[in-house]
file target.tsv (TSV, N, CA and C atoms and all ligand atoms)
chain	number	residue	atom	x	y	z
A	1	MET	N	115.40	110.90	100.19
A	1	MET	CA	114.40	110.09	99.50
A	1	MET	C	115.09	109.02	98.65
A	2	GLU	N	114.49	107.86	98.69
A	2	GLU	CA	115.03	106.71	97.98
A	2	GLU	C	114.14	106.45	96.75
A	3	ILE	N	114.76	106.23	95.60
A	3	ILE	CA	113.98	105.87	94.41
A	3	ILE	C	114.04	104.36	94.23
A	4	LEU	N	112.90	103.73	94.21
A	4	LEU	CA	112.84	102.27	94.10
A	4	LEU	C	112.42	101.87	92.70
A	5	ASP	N	112.85	100.65	92.30
A	5	ASP	CA	112.24	100.12	91.09
A	5	ASP	C	110.89	99.51	91.48
A	6	PHE	N	110.10	99.23	90.49
A	6	PHE	CA	108.73	98.83	90.73
A	6	PHE	C	108.65	97.55	91.57
A	7	GLU	N	109.58	96.62	91.31
A	7	GLU	CA	109.58	95.34	92.01
A	7	GLU	C	109.76	95.53	93.52
A	8	GLU	N	110.78	96.34	93.86
A	8	GLU	CA	111.06	96.62	95.27
A	8	GLU	C	109.89	97.36	95.92
A	9	TYR	N	109.31	98.24	95.16
A	9	TYR	CA	108.15	98.98	95.65
A	9	TYR	C	107.01	98.03	96.00
A	10	CYS	N	106.79	97.03	95.13
A	10	CYS	CA	105.71	96.06	95.35
A	10	CYS	C	105.97	95.22	96.60
A	11	ILE	N	107.23	94.84	96.80
A	11	ILE	CA	107.59	94.04	97.97
A	11	ILE	C	107.27	94.82	99.25
A	12	ARG	N	107.66	96.08	99.26
A	12	ARG	CA	107.40	96.92	100.44
A	12	ARG	C	105.91	97.15	100.63
A	13	LEU	N	105.22	97.33	99.52
A	13	LEU	CA	103.78	97.57	99.58
A	13	LEU	C	103.06	96.36	100.16
A	14	GLU	N	103.53	95.20	99.79
A	14	GLU	CA	102.94	93.97	100.28
A	14	GLU	C	103.04	93.87	101.80
A	15	LYS	N	104.20	94.26	102.32
A	15	LYS	CA	104.40	94.26	103.76
A	15	LYS	C	103.50	95.28	104.46
A	16	LEU	N	103.25	96.38	103.77
A	16	LEU	CA	102.45	97.46	104.35
A	16	LEU	C	100.97	97.14	104.36
A	17	THR	N	100.55	96.31	103.40
A	17	THR	CA	99.12	96.08	103.19
A	17	THR	C	98.40	95.70	104.47
A	18	LYS	N	99.05	94.86	105.29
A	18	LYS	CA	98.43	94.39	106.53
A	18	LYS	C	98.13	95.53	107.50
A	19	LEU	N	98.91	96.57	107.44
A	19	LEU	CA	98.75	97.70	108.36
A	19	LEU	C	97.83	98.78	107.80
A	20	GLY	N	97.36	98.56	106.60
A	20	GLY	CA	96.65	99.62	105.90
A	20	GLY	C	95.20	99.78	106.29
A	21	ALA	N	94.71	101.00	106.12
A	21	ALA	CA	93.30	101.28	106.35
A	21	ALA	C	92.48	100.73	105.18
A	22	LYS	N	91.25	100.32	105.47
A	22	LYS	CA	90.40	99.76	104.41
A	22	LYS	C	90.01	100.80	103.38
A	23	ASN	N	89.70	101.98	103.85
A	23	ASN	CA	89.36	103.08	102.94
A	23	ASN	C	90.33	104.23	103.12
A	24	PRO	N	91.49	104.13	102.50
A	24	PRO	CA	92.53	105.14	102.76
A	24	PRO	C	92.09	106.54	102.39
A	25	ASP	N	91.12	106.62	101.51
A	25	ASP	CA	90.71	107.92	101.00
A	25	ASP	C	89.59	108.55	101.85
A	26	ALA	N	89.17	107.83	102.90
A	26	ALA	CA	87.96	108.25	103.60
A	26	ALA	C	88.22	109.10	104.85
A	27	ASP	N	89.44	109.42	105.12
A	27	ASP	CA	89.76	110.16	106.34
A	27	ASP	C	89.74	111.66	106.08
A	28	TRP	N	88.60	112.29	106.32
A	28	TRP	CA	88.48	113.71	106.02
A	28	TRP	C	89.37	114.55	106.92
A	29	ASN	N	89.64	114.04	108.13
A	29	ASN	CA	90.47	114.74	109.09
A	29	ASN	C	91.91	114.87	108.58
A	30	LEU	N	92.38	113.80	108.00
A	30	LEU	CA	93.71	113.77	107.40
A	30	LEU	C	93.81	114.80	106.28
A	31	LYS	N	92.78	114.83	105.46
A	31	LYS	CA	92.78	115.76	104.33
A	31	LYS	C	92.79	117.20	104.82
A	32	LEU	N	91.99	117.43	105.87
A	32	LEU	CA	91.88	118.77	106.43
A	32	LEU	C	93.21	119.24	106.99
A	33	ASN	N	93.91	118.33	107.67
A	33	ASN	CA	95.14	118.69	108.36
A	33	ASN	C	96.32	118.88	107.41
A	34	TYR	N	96.32	118.15	106.32
A	34	TYR	CA	97.53	118.15	105.49
A	34	TYR	C	97.34	118.74	104.11
A	35	SER	N	96.13	119.13	103.80
A	35	SER	CA	95.87	119.70	102.49
A	35	SER	C	96.70	120.97	102.28
A	36	GLY	N	97.29	121.07	101.10
A	36	GLY	CA	98.07	122.26	100.78
A	36	GLY	C	99.55	122.11	101.09
A	37	LYS	N	99.91	121.01	101.76
A	37	LYS	CA	101.33	120.80	102.07
A	37	LYS	C	102.05	120.15	100.90
A	38	ASP	N	103.31	120.53	100.75
A	38	ASP	CA	104.14	119.98	99.67
A	38	ASP	C	104.75	118.64	100.06
A	39	PHE	N	104.95	117.80	99.09
A	39	PHE	CA	105.79	116.62	99.32
A	39	PHE	C	106.70	116.41	98.13
A	40	LYS	N	107.91	115.93	98.41
A	40	LYS	CA	108.91	115.67	97.37
A	40	LYS	C	108.53	114.41	96.62
A	41	CYS	N	108.84	114.39	95.35
A	41	CYS	CA	108.43	113.25	94.53
A	41	CYS	C	109.63	112.71	93.76
A	42	GLY	N	109.58	111.43	93.43
A	42	GLY	CA	110.63	110.77	92.69
A	42	GLY	C	110.87	111.36	91.30
A	43	CYS	N	109.91	112.08	90.78
A	43	CYS	CA	110.05	112.69	89.45
A	43	CYS	C	110.94	113.92	89.51
A	44	GLY	N	111.29	114.36	90.72
A	44	GLY	CA	112.18	115.50	90.87
A	44	GLY	C	111.46	116.78	91.25
A	45	LYS	N	110.14	116.73	91.18
A	45	LYS	CA	109.37	117.92	91.52
A	45	LYS	C	108.81	117.81	92.94
A	46	ASN	N	108.25	118.91	93.40
A	46	ASN	CA	107.44	118.90	94.61
A	46	ASN	C	105.97	118.95	94.18
A	47	HIS	N	105.16	118.16	94.84
A	47	HIS	CA	103.72	118.23	94.57
A	47	HIS	C	103.01	118.71	95.81
A	48	LYS	N	101.85	119.29	95.59
A	48	LYS	CA	101.01	119.72	96.70
A	48	LYS	C	99.99	118.63	96.99
A	49	PHE	N	99.82	118.31	98.27
A	49	PHE	CA	98.77	117.37	98.67
A	49	PHE	C	97.45	118.13	98.71
A	50	VAL	N	96.58	117.80	97.78
A	50	VAL	CA	95.30	118.50	97.68
A	50	VAL	C	94.18	117.50	97.95
A	51	ALA	N	93.39	117.78	98.97
A	51	ALA	CA	92.27	116.90	99.33
A	51	ALA	C	91.34	116.72	98.15
A	52	GLY	N	91.02	115.47	97.87
A	52	GLY	CA	90.09	115.18	96.79
A	52	GLY	C	90.74	115.13	95.42
A	53	VAL	N	92.00	115.54	95.31
A	53	VAL	CA	92.71	115.53	94.02
A	53	VAL	C	93.85	114.51	94.07
A	54	THR	N	94.73	114.67	95.05
A	54	THR	CA	95.85	113.74	95.21
A	54	THR	C	95.32	112.35	95.55
A	55	HIS	N	95.80	111.35	94.84
A	55	HIS	CA	95.38	109.98	95.14
A	55	HIS	C	96.06	109.49	96.41
A	56	ILE	N	95.27	108.96	97.34
A	56	ILE	CA	95.83	108.31	98.52
A	56	ILE	C	95.74	106.82	98.25
A	57	LEU	N	96.87	106.22	97.89
A	57	LEU	CA	96.86	104.81	97.48
A	57	LEU	C	96.84	103.87	98.69
A	58	TRP	N	97.40	104.35	99.78
A	58	TRP	CA	97.48	103.55	100.99
A	58	TRP	C	97.64	104.50	102.17
A	59	ARG	N	97.11	104.06	103.31
A	59	ARG	CA	97.29	104.86	104.52
A	59	ARG	C	97.36	103.91	105.71
A	60	ARG	N	98.25	104.19	106.63
A	60	ARG	CA	98.37	103.35	107.82
A	60	ARG	C	97.08	103.47	108.65
A	61	ALA	N	96.57	102.33	109.10
A	61	ALA	CA	95.27	102.32	109.77
A	61	ALA	C	95.33	102.97	111.16
A	62	ILE	N	96.34	102.58	111.95
A	62	ILE	CA	96.43	103.10	113.31
A	62	ILE	C	97.36	104.31	113.30
A	63	THR	N	96.85	105.42	113.72
A	63	THR	CA	97.50	106.72	113.62
A	63	THR	C	97.90	107.00	112.16
A	64	SER	N	97.50	108.14	111.68
A	64	SER	CA	97.73	108.43	110.26
A	64	SER	C	99.15	108.94	110.03
A	65	GLY	N	100.12	108.17	110.45
A	65	GLY	CA	101.50	108.62	110.36
A	65	GLY	C	102.19	108.39	109.04
A	66	ALA	N	101.56	107.60	108.18
A	66	ALA	CA	102.21	107.29	106.91
A	66	ALA	C	101.15	107.04	105.84
A	67	MET	N	101.52	107.38	104.62
A	67	MET	CA	100.61	107.11	103.50
A	67	MET	C	101.37	107.09	102.18
A	68	ILE	N	100.71	106.55	101.18
A	68	ILE	CA	101.29	106.55	99.84
A	68	ILE	C	100.44	107.47	98.97
A	69	LEU	N	101.11	108.49	98.44
A	69	LEU	CA	100.42	109.50	97.65
A	69	LEU	C	100.85	109.44	96.19
A	70	ASN	N	99.92	109.81	95.33
A	70	ASN	CA	100.22	109.92	93.90
A	70	ASN	C	99.54	111.17	93.36
A	71	ASP	N	100.36	112.03	92.78
A	71	ASP	CA	99.80	113.20	92.12
A	71	ASP	C	99.15	112.74	90.82
A	72	PRO	N	97.92	113.18	90.55
A	72	PRO	CA	97.23	112.68	89.34
A	72	PRO	C	97.97	112.98	88.04
A	73	LYS	N	98.84	113.98	88.05
A	73	LYS	CA	99.56	114.32	86.82
A	73	LYS	C	100.94	113.69	86.78
A	74	CYS	N	101.25	112.84	87.76
A	74	CYS	CA	102.59	112.27	87.87
A	74	CYS	C	102.51	110.74	87.88
A	75	ASP	N	103.59	110.10	87.44
A	75	ASP	CA	103.61	108.64	87.36
A	75	ASP	C	104.20	107.98	88.60
A	76	TYR	N	104.68	108.79	89.54
A	76	TYR	CA	105.35	108.25	90.71
A	76	TYR	C	104.39	108.10	91.90
A	77	ALA	N	104.59	107.02	92.64
A	77	ALA	CA	103.88	106.84	93.90
A	77	ALA	C	104.89	107.08	95.01
A	78	CYS	N	104.51	107.85	96.01
A	78	CYS	CA	105.44	108.27	97.07
A	78	CYS	C	104.98	107.78	98.43
A	79	TYR	N	105.88	107.07	99.11
A	79	TYR	CA	105.61	106.68	100.50
A	79	TYR	C	106.04	107.83	101.39
A	80	ILE	N	105.09	108.33	102.17
A	80	ILE	CA	105.31	109.56	102.93
A	80	ILE	C	105.05	109.34	104.41
A	81	GLU	N	105.91	109.90	105.23
A	81	GLU	CA	105.66	109.89	106.67
A	81	GLU	C	105.39	111.30	107.13
A	82	ILE	N	104.45	111.42	108.05
A	82	ILE	CA	104.11	112.72	108.59
A	82	ILE	C	105.01	112.98	109.79
A	83	LYS	N	105.77	114.06	109.70
A	83	LYS	CA	106.75	114.39	110.73
A	83	LYS	C	106.35	115.67	111.44
A	84	GLY	N	106.74	115.75	112.69
A	84	GLY	CA	106.46	116.95	113.45
A	84	GLY	C	105.11	116.88	114.13
A	85	VAL	N	104.93	117.68	115.16
A	85	VAL	CA	103.69	117.63	115.93
A	85	VAL	C	102.85	118.89	115.67
A	86	PHE	N	103.41	120.05	115.91
A	86	PHE	CA	102.64	121.28	115.76
A	86	PHE	C	102.69	121.81	114.34
A	87	THR	N	103.86	121.75	113.74
A	87	THR	CA	103.95	122.11	112.33
A	87	THR	C	104.36	120.87	111.57
A	88	SER	N	103.38	120.08	111.22
A	88	SER	CA	103.67	118.82	110.56
A	88	SER	C	104.05	119.06	109.10
A	89	ARG	N	104.92	118.16	108.63
A	89	ARG	CA	105.29	118.21	107.23
A	89	ARG	C	105.25	116.80	106.67
A	90	LEU	N	105.19	116.73	105.36
A	90	LEU	CA	105.12	115.44	104.69
A	90	LEU	C	106.50	115.10	104.16
A	91	GLU	N	107.11	114.07	104.71
A	91	GLU	CA	108.46	113.70	104.30
A	91	GLU	C	108.41	112.43	103.45
A	92	THR	N	108.93	112.54	102.23
A	92	THR	CA	108.94	111.39	101.33
A	92	THR	C	110.09	110.46	101.69
A	93	ILE	N	109.78	109.21	101.98
A	93	ILE	CA	110.80	108.23	102.35
A	93	ILE	C	111.28	107.49	101.10
A	94	TYR	N	110.33	107.03	100.31
A	94	TYR	CA	110.72	106.47	99.01
A	94	TYR	C	109.65	106.69	97.96
A	95	SER	N	110.09	106.55	96.71
A	95	SER	CA	109.21	106.86	95.59
A	95	SER	C	109.54	105.89	94.46
A	96	ALA	N	108.55	105.53	93.68
A	96	ALA	CA	108.78	104.62	92.56
A	96	ALA	C	107.90	105.03	91.39
A	97	ASN	N	108.45	104.87	90.19
A	97	ASN	CA	107.66	105.14	88.99
A	97	ASN	C	106.80	103.91	88.70
A	98	THR	N	105.53	104.04	88.92
A	98	THR	CA	104.63	102.89	88.77
A	98	THR	C	104.05	102.80	87.36
A	99	LYS	N	104.05	103.92	86.65
A	99	LYS	CA	103.44	103.96	85.33
A	99	LYS	C	104.19	103.09	84.32
A	100	SER	N	105.53	103.29	84.23
A	100	SER	CA	106.31	102.56	83.24
A	100	SER	C	106.29	101.06	83.53
A	101	ALA	N	106.28	100.70	84.83
A	101	ALA	CA	106.23	99.30	85.21
A	101	ALA	C	104.90	98.68	84.79
A	102	MET	N	103.85	99.43	84.95
A	102	MET	CA	102.52	98.96	84.54
A	102	MET	C	102.48	98.75	83.03
A	103	ASP	N	103.04	99.69	82.29
A	103	ASP	CA	103.06	99.60	80.83
A	103	ASP	C	103.84	98.37	80.38
A	104	GLU	N	104.99	98.13	81.07
A	104	GLU	CA	105.82	96.97	80.74
A	104	GLU	C	105.08	95.66	80.99
A	105	MET	N	104.36	95.61	82.11
A	105	MET	CA	103.60	94.41	82.45
A	105	MET	C	102.56	94.12	81.38
A	106	ILE	N	101.93	95.16	80.91
A	106	ILE	CA	100.89	95.00	79.89
A	106	ILE	C	101.53	94.51	78.59
A	107	LYS	N	102.70	95.05	78.26
A	107	LYS	CA	103.41	94.65	77.04
A	107	LYS	C	103.80	93.17	77.11
A	108	GLU	N	104.33	92.76	78.28
A	108	GLU	CA	104.77	91.37	78.46
A	108	GLU	C	103.62	90.38	78.31
A	109	ARG	N	102.45	90.82	78.69
A	109	ARG	CA	101.28	89.95	78.57
A	109	ARG	C	100.74	89.93	77.15
A	110	GLY	N	101.32	90.76	76.32
A	110	GLY	CA	100.92	90.80	74.93
A	110	GLY	C	99.69	91.66	74.68
A	111	GLY	N	99.44	92.53	75.65
A	111	GLY	CA	98.27	93.44	75.48
A	111	GLY	C	98.70	94.59	74.69
B	201	ZN	ZN	105.98	113.61	90.74
call {"tool": "encode", "arguments": {"input": "target.tsv", "output": "structure tokens", "more": "lines below"}}
Ligand SMILES: [Zn+2]
result
Amino acid sequence: MEILDFEEYCIRLEKLTKLGAKNPDADWNLKLNYSGKDFKCGCGKNHKFVAGVTHILWRRAITSGAMILNDPKCDYACYIEIKGVFTSRLETIYSANTKSAMDEMIKERGG
């Protein structure tokens, strides 16, 4: 897993946006198939993907092979690829702390 700074994360996210589903959170099939599976996070912990709890920030539109997940109690956003066919697992490719970057942006604007 690669830890990105917020800027690099945004650049990659921008490239992904075109491939993204309009309602990443609306795929009940995805939730059903992957709920309860662990994924590694940039914060150093493992989080469980829980349908309806874990934020799905982005999901690839064609074939649900990749998504960006955020645990509601964590500040990191994780880009995850689904690996394997019969016993699928969630593999974190990169992760970035989005909370501190957001706070910094607000500070810079004088908020
Ligand atoms: Zn985390």
call {"tool": "residues_near_ligand", "arguments": {"input": "target.tsv", "ligand": "ligand ZN 201 (chain B)", "cutoff": "9 Å", "atoms": "only C-alpha atoms and all ligand atoms", "output": "list of chain:residue names"}}
result
A:Lys40, A:Cys41, A:Gly42, A:Cys43, A:Gly44, A:Lys45, A:Asn46, A:His47, A:Asn70, A:Asp71, A:Pro72, A:Lys73, A:Cys74, A:Asp75, A:Tyr76, A:Ala77, A:Cys78, A:Ser95, A:Asn97
call {"tool": "closest_residue", "arguments": {"input": "target.tsv", "among": "A:Arg109, A:Phe39, A:Leu30, A:Arg59", "to": "Thr92 (chain A)", "atoms": "only C-alpha atoms"}}
result
A:Phe39
call {"tool": "closest_residue", "arguments": {"input": "target.tsv", "among": "A:Lys37, A:Lys18, A:Lys31, A:Lys48", "to": "Ala61 (chain A)", "atoms": "only C-alpha atoms"}}
result
A:Lys18
call {"tool": "residues_around", "arguments": {"input": "target.tsv", "residues": "Tyr9 (chain A)", "least_positions_apart": "5", "cutoff": "7 Å", "atoms": "all atoms listed in the file", "output": "short mmCIF file (atom, residue, chain, number, x, y, z; two decimals) with N, CA and C atoms, in the frame of the given file"}}
result
data_model
loop_
_atom_site.label_atom_id
_atom_site.label_comp_id
_atom_site.auth_asym_id
_atom_site.auth_seq_id
_atom_site.Cartn_x
_atom_site.Cartn_y
_atom_site.Cartn_z
N LEU A 4 112.90 103.73 94.21
CA LEU A 4 112.84 102.27 94.10
C LEU A 4 112.42 101.87 92.70
N GLU A 14 103.53 95.20 99.79
CA GLU A 14 102.94 93.97 100.28
C GLU A 14 103.04 93.87 101.80
N ALA A 96 108.55 105.53 93.68
CA ALA A 96 108.78 104.62 92.56
C ALA A 96 107.90 105.03 91.39
#
call {"tool": "select_by_dssp", "arguments": {"input": "target.tsv", "residues": "region 16-106 of chain A", "states": "alpha helix (DSSP H)", "output": "PyMOL selection string"}}
result
chain A and resi 16-17+28-34+98-106
call {"tool": "atom_distance", "arguments": {"input": "target.tsv", "atom1": "atom N of Val53 (chain A)", "atom2": "CA of Gly20 (chain A)"}}
result
19.7 Å
call {"tool": "residues_around", "arguments": {"input": "target.tsv", "residues": "Gly65 (chain A)", "least_positions_apart": "5", "cutoff": "7 Å", "atoms": "only C-alpha atoms", "output": "number ranges by chain"}}
result
A: 60, 81-82
call {"tool": "axis_aligned_box", "arguments": {"input": "target.tsv", "around": "region 32-48 of chain A", "padding_each_side": "5 Å", "output": "JSON"}}
result
{"center_x": 102.0, "center_y": 116.5, "center_z": 98.9, "size_x": 30.3, "size_y": 21.5, "size_z": 28.9}
call {"tool": "residues_around", "arguments": {"input": "target.tsv", "residues": "Ala101 (chain A)", "least_positions_apart": "3", "cutoff": "8 Å", "atoms": "only N, CA and C atoms", "output": "list in words"}}
result
Asp5, Phe6, Glu7, Asn97, Thr98, Glu104, Met105, Ile106 and Lys107 of chain A
call {"tool": "atom_distance", "arguments": {"input": "target.tsv", "atom1": "CA of Met1 (chain A)", "atom2": "CA of Glu91 (chain A)"}}
result
8.4 Å
call {"tool": "atom_distance", "arguments": {"input": "target.tsv", "atom1": "atom N of Ile56 (chain A)", "atom2": "atom N of Leu13 (chain A)"}}
result
15.5 Å
